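Colleague: Just one file: my_file.cif, with mmCIF, C-alpha atoms.
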```cif
data_start
#
loop_
_atom_site.label_atom_id
_atom_site.label_comp_id
_atom_site.auth_asym_id
_atom_site.auth_seq_id
_atom_site.Cartn_x
_atom_site.Cartn_y
_atom_site.Cartn_z
CA MET A 285 183.25 41.30 58.44
CA GLY A 286 185.79 41.72 55.67
CA ALA A 287 185.92 44.15 52.81
CA ALA A 288 184.72 41.41 50.46
CA ASP A 289 181.43 41.23 52.36
CA ALA A 290 180.54 44.89 51.88
CA VAL A 291 179.51 46.37 48.54
CA THR A 292 179.37 50.06 47.77
CA ALA A 293 176.97 51.09 45.03
CA LYS A 294 177.29 54.43 43.28
CA ARG A 295 174.10 56.26 42.37
CA PRO A 296 173.89 58.86 39.59
CA HIS A 297 174.48 61.66 42.11
CA GLU A 298 177.56 59.77 43.47
CA THR A 299 176.18 59.03 46.93
CA ALA A 300 177.48 55.69 48.17
CA PHE A 301 175.24 53.08 49.78
CA ASP A 302 176.85 50.28 51.72
CA VAL A 303 175.33 46.84 51.44
CA GLN A 304 176.23 44.15 53.92
CA ARG A 305 175.83 40.48 53.09
CA LEU A 306 174.23 38.60 56.02
CA SER A 307 175.01 35.09 57.15
CA LEU A 308 172.15 32.59 56.98
CA ASP A 309 171.78 32.84 60.75
CA GLU A 310 171.56 36.64 60.66
CA ALA A 311 169.13 36.58 57.74
CA ALA A 312 166.89 34.09 59.56
CA SER A 313 167.02 36.21 62.72
CA HIS A 314 166.00 39.30 60.73
CA LEU A 315 163.16 37.44 59.06
CA LEU A 316 161.80 36.01 62.30
CA GLU A 317 162.07 39.44 63.94
CA GLU A 318 160.05 40.91 61.07
CA CYS A 319 157.41 38.26 61.70
CA ARG A 320 157.38 39.11 65.42
CA THR A 321 156.86 42.75 64.45
CA ILE A 322 153.89 42.00 62.18
CA VAL A 323 152.07 39.51 64.44
CA PRO A 324 150.87 41.95 67.16
CA GLY A 325 149.32 44.23 64.54
CA VAL A 326 147.52 41.35 62.87
CA GLN A 327 146.33 40.08 66.25
CA ALA A 328 145.03 43.54 67.18
CA VAL A 329 143.07 43.78 63.93
CA PHE A 330 141.67 40.29 64.54
CA GLY A 331 140.62 41.27 68.06
CA PHE A 332 138.80 44.38 66.88
CA GLN A 333 137.09 42.35 64.16
CA LEU A 334 135.86 39.83 66.74
CA ILE A 335 134.63 42.51 69.12
CA ALA A 336 132.64 44.21 66.37
CA VAL A 337 130.41 41.17 65.91
CA PHE A 338 129.37 41.20 69.56
CA ASN A 339 128.51 44.89 69.64
CA GLN A 340 124.82 45.65 69.68
CA GLY A 341 124.96 47.80 66.53
CA PHE A 342 126.54 45.11 64.36
CA GLY A 343 123.24 43.52 63.36
CA GLU A 344 121.43 46.86 63.24
CA LYS A 345 123.90 48.86 61.16
CA LEU A 346 125.06 46.17 58.74
CA ALA A 347 122.83 44.31 56.32
CA PRO A 348 123.19 40.51 56.25
CA ALA A 349 125.38 40.71 53.13
CA GLU A 350 127.65 43.23 54.87
CA GLN A 351 127.85 40.97 57.93
CA ARG A 352 129.04 38.16 55.67
CA LEU A 353 131.57 40.57 54.14
CA HIS A 354 132.87 41.21 57.66
CA LEU A 355 133.12 37.45 58.19
CA ALA A 356 135.16 37.21 54.96
CA ALA A 357 137.44 40.01 56.20
CA LEU A 358 137.86 38.16 59.50
CA ALA A 359 138.74 34.93 57.66
CA LEU A 360 141.28 36.79 55.50
CA VAL A 361 142.99 38.16 58.60
CA VAL A 362 143.13 34.64 60.07
CA VAL A 363 144.79 33.45 56.84
CA ALA A 364 147.27 36.32 57.09
CA MET A 365 147.97 35.46 60.73
CA ALA A 366 148.60 31.80 59.86
CA LEU A 367 150.97 32.74 57.05
CA VAL A 368 152.95 35.30 59.05
CA MET A 369 153.29 32.92 62.00
CA GLY A 370 154.23 30.07 59.67
CA PRO A 371 157.99 30.78 59.52
CA ALA A 372 158.42 30.25 63.27
CA ALA A 373 156.58 26.92 63.16
CA LEU A 374 158.39 25.94 59.96
CA HIS A 375 161.78 26.62 61.49
CA ARG A 376 160.98 24.94 64.79
CA LEU A 377 159.56 21.79 63.17
CA THR A 378 161.80 21.32 60.12
CA GLU A 379 165.23 22.77 60.93
CA PRO A 380 165.39 23.65 64.64
CA ARG A 381 169.19 23.42 64.83
CA THR A 382 170.06 24.73 61.36
CA VAL A 383 169.27 27.55 58.98
CA SER A 384 169.16 27.04 55.24
CA ASP A 385 168.53 29.02 52.09
CA ARG A 386 165.49 26.76 51.66
CA PHE A 387 164.05 27.95 54.98
CA LEU A 388 164.68 31.60 54.09
CA LEU A 389 163.01 31.18 50.71
CA VAL A 390 159.90 29.44 52.07
CA ALA A 391 159.62 31.73 55.11
CA THR A 392 160.00 34.86 52.99
CA ARG A 393 157.27 33.64 50.67
CA LEU A 394 154.95 32.93 53.60
CA VAL A 395 155.44 36.46 54.94
CA MET A 396 154.91 38.01 51.52
CA TRP A 397 151.82 35.88 50.90
CA SER A 398 150.41 37.00 54.26
CA LEU A 399 150.26 40.61 53.13
CA ALA A 400 147.65 40.07 50.39
CA PRO A 401 144.91 38.59 52.60
CA LEU A 402 145.80 41.12 55.30
CA ALA A 403 145.37 43.98 52.83
CA LEU A 404 142.07 42.57 51.56
CA GLY A 405 140.75 41.96 55.07
CA LEU A 406 141.68 45.45 56.22
CA CYS A 407 140.15 47.11 53.19
CA LEU A 408 136.92 45.11 53.40
CA ASP A 409 136.50 46.32 56.97
CA VAL A 410 137.40 49.89 55.96
CA TYR A 411 134.62 49.63 53.38
CA LEU A 412 132.16 48.45 56.04
CA VAL A 413 133.16 51.15 58.53
CA ALA A 414 132.86 53.78 55.78
CA ARG A 415 129.38 52.44 54.91
CA VAL A 416 128.29 52.89 58.54
CA VAL A 417 129.92 56.29 58.98
CA LEU A 418 129.13 57.80 55.57
CA HIS A 419 125.68 56.17 55.22
CA GLU A 420 124.50 56.32 51.59
CA SER A 421 127.61 58.08 50.32
CA PRO A 422 129.28 56.75 47.15
CA TRP A 423 132.71 56.99 48.83
CA PRO A 424 133.13 53.73 50.80
CA ALA A 425 134.08 51.57 47.79
CA PRO A 426 136.51 54.08 46.24
CA LEU A 427 138.09 54.69 49.66
CA ALA A 428 138.61 50.96 50.26
CA ALA A 429 139.91 50.47 46.71
CA ALA A 430 142.37 53.37 47.08
CA LEU A 431 143.66 51.99 50.37
CA LEU A 432 144.00 48.53 48.85
CA ALA A 433 145.96 50.01 45.95
CA LEU A 434 148.19 51.91 48.40
CA LEU A 435 148.91 48.78 50.46
CA LEU A 436 149.67 46.72 47.35
CA VAL A 437 151.98 49.39 45.97
CA VAL A 438 153.87 49.84 49.26
CA TRP A 439 154.05 46.12 50.08
CA TYR A 440 154.62 44.61 46.60
CA VAL A 441 155.24 47.07 43.77
CA LEU A 442 157.66 49.49 45.48
CA PRO A 443 159.95 46.78 46.94
CA ARG A 444 160.18 44.98 43.58
CA TRP A 445 160.83 48.23 41.74
CA LEU A 446 163.52 49.25 44.25
CA ARG A 447 165.14 45.81 44.13
CA ALA A 448 165.33 45.98 40.33
CA ARG A 449 166.64 49.55 40.40
CA TRP A 450 169.22 48.82 43.09
CA SER A 451 170.43 45.67 41.34
CA ARG A 452 171.04 47.70 38.16
CA THR A 453 172.98 50.42 40.00
CA ALA A 454 174.99 48.10 42.26
CA GLY A 455 176.75 46.40 39.39
CA PRO A 456 177.86 42.81 38.96
CA GLY A 457 178.73 40.81 42.04
CA ALA A 458 176.83 43.09 44.41
CA ALA A 459 175.06 41.67 47.43
CA HIS A 460 171.27 41.60 46.99
#
```
Write out the structure in this file as structure tokens.

Modeller:
Amino acid sequence: MGAADAVTAKRPHETAFDVQRLSLDEAASHLLEECRTIVPGVQAVFGFQLIAVFNQGFGEKLAPAEQRLHLAALALVVVAMALVMGPAALHRLTEPRTVSDRFLLVATRLVMWSLAPLALGLCLDVYLVARVVLHESPWPAPLAAALLALLLVVWYVLPRWLRARWSRTAGPGAAH
């Protein structure tokens, strides 16, 4: 890698941050590795959601409307799983011997889109678990809403804010 490929950005307190521009191949490898990191977690959540339905207490502790809410959470996690696994299928079926900016754009969008249904599915199930554990408490909905807000901030708001902030401090011509 040459000096032209690295960018040093100065922050207000003069600490330097090196930024390395990746080749298409390296960027695709990073993206697919990120997908491989997310998939086991999504699969584990899906497995626990499936098991819950077959437990004896499922029908006893959850009202029919809450059981349907659990089904919606399960469906949302399946949607998230499909979206996060999409980049591997997309690459294998459309460009198995190449990597393009087009692939990176579509695959990145699929991964980012997967996070919204995953967050909703997780928080719906947190709500249901809190209803069972806390009984008639008013806290299940605020707890689930707070966790949903946290996930959305960490997964969407913070990265966009940091990208905007870093692009302002890196200056023109910096690698993003």

Colleague: So how far away is CA of Leu427 in chain A from CA of Lys345 in chain A, in Å?

Modeller: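 We find that CA of Lys345 in chain A and CA of Leu427 in chain A lie 19.2 Å from each other.
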
Colleague: What does the distance from CA of Val395 in chain A to CA of Leu353 in chain A come to in Å, to one decimal?

Modeller: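 Computing the Euclidean distance for CA of Val395 in chain A and CA of Leu353 in chain A yields 24.2 Å.
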
Colleague: Considering all atoms listed in the file, state which residue in the set A:Leu418, A:Met369, A:Trp445, A:Pro380 is at the smallest distance from Val326 in chain A.

Modeller: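 Ranked by minimum distance to Val326 in chain A, first place goes to A:Met369.
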
Colleague: Apply the PyMOL selection byres ((chain A and resi 362) around 9) to the file shown and report the selected residues as a list in words.

Modeller: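 Selection result, ordered by chain and number: Val326, Gln327, Phe330, Ala357, Leu358, Ala359, Leu360, Val361, Val363, Ala364, Met365, Ala366, Leu367, Pro401 and Leu402 of chain A.
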
Colleague: Using only C-alpha atoms, find all polymer residues with an atom at most 10 Å away from the point (129.4, 40.7, 63.2); report them as a list in words.

Modeller: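 Returned residue set, sorted by chain then number, is Gln333, Leu334, Ile335, Ala336, Val337, Phe338, Asn339, Gln340, Gly341, Phe342, Gly343, Leu346, Pro348, Glu350, Gln351, Arg352, Leu353, His354, Leu355 and Leu358 of chain A.
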
Colleague: What does the distance between CA of Gln304 in chain A and CA of Trp450 in chain A come to in Å, to one decimal place?

Modeller: 13.7 Å

Colleague: Need to verify the contact set: Leu388 in chain A, 9 Å, all atoms listed in the file, exclusion of same-chain residues closer than 3 positions in sequence. Can you return it as a list in words?

Modeller: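 Near neighbours after the sequence-gap exclusion: Leu308, Ala311, Ala312, Leu315, Pro371, Val383, Ser384, Asp385, Ala391, Thr392 and Arg393 of chain A.
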
Colleague: Kindly indicate which residue among A:Ala428, A:Leu404, A:Leu394, A:Val441 lies nearest to Ala372 in chain A, using all atoms listed in the file for the distances.

Modeller: A:Leu394

Colleague: When you count all atoms listed in the file, which of these residues is closest to Tyr440 in chain A: A:His419, A:Leu374, A:Pro324, A:Ala400?

Modeller: A:Ala400

Colleague: In terms of the shortest atom-to-atom distance over all atoms listed in the file, which of A:Ala403, A:Leu431, A:Val303, A:Leu316 is closest to Ala373 in chain A?

Modeller: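 Nearest to Ala373 in chain A: A:Leu316.
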
Colleague: Let me make sure I understand: among A:Leu389, A:Leu412, A:Leu446, A:Cys407, which one has the smallest atom-to-atom distance to Ala429 in chain A if we use all atoms listed in the file?

Modeller: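 Once distances to Ala429 in chain A are computed over all atoms listed in the file, the minimum belongs to A:Cys407.
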
Colleague: I'd like to know which of A:Val390, A:Asp409, A:Glu310, A:Val437 is closest to Pro424 in chain A, using all atoms listed in the file.

Modeller: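 Of A:Val390, A:Asp409, A:Glu310, A:Val437, the one nearest Pro424 in chain A is A:Asp409, counting all atoms listed in the file.
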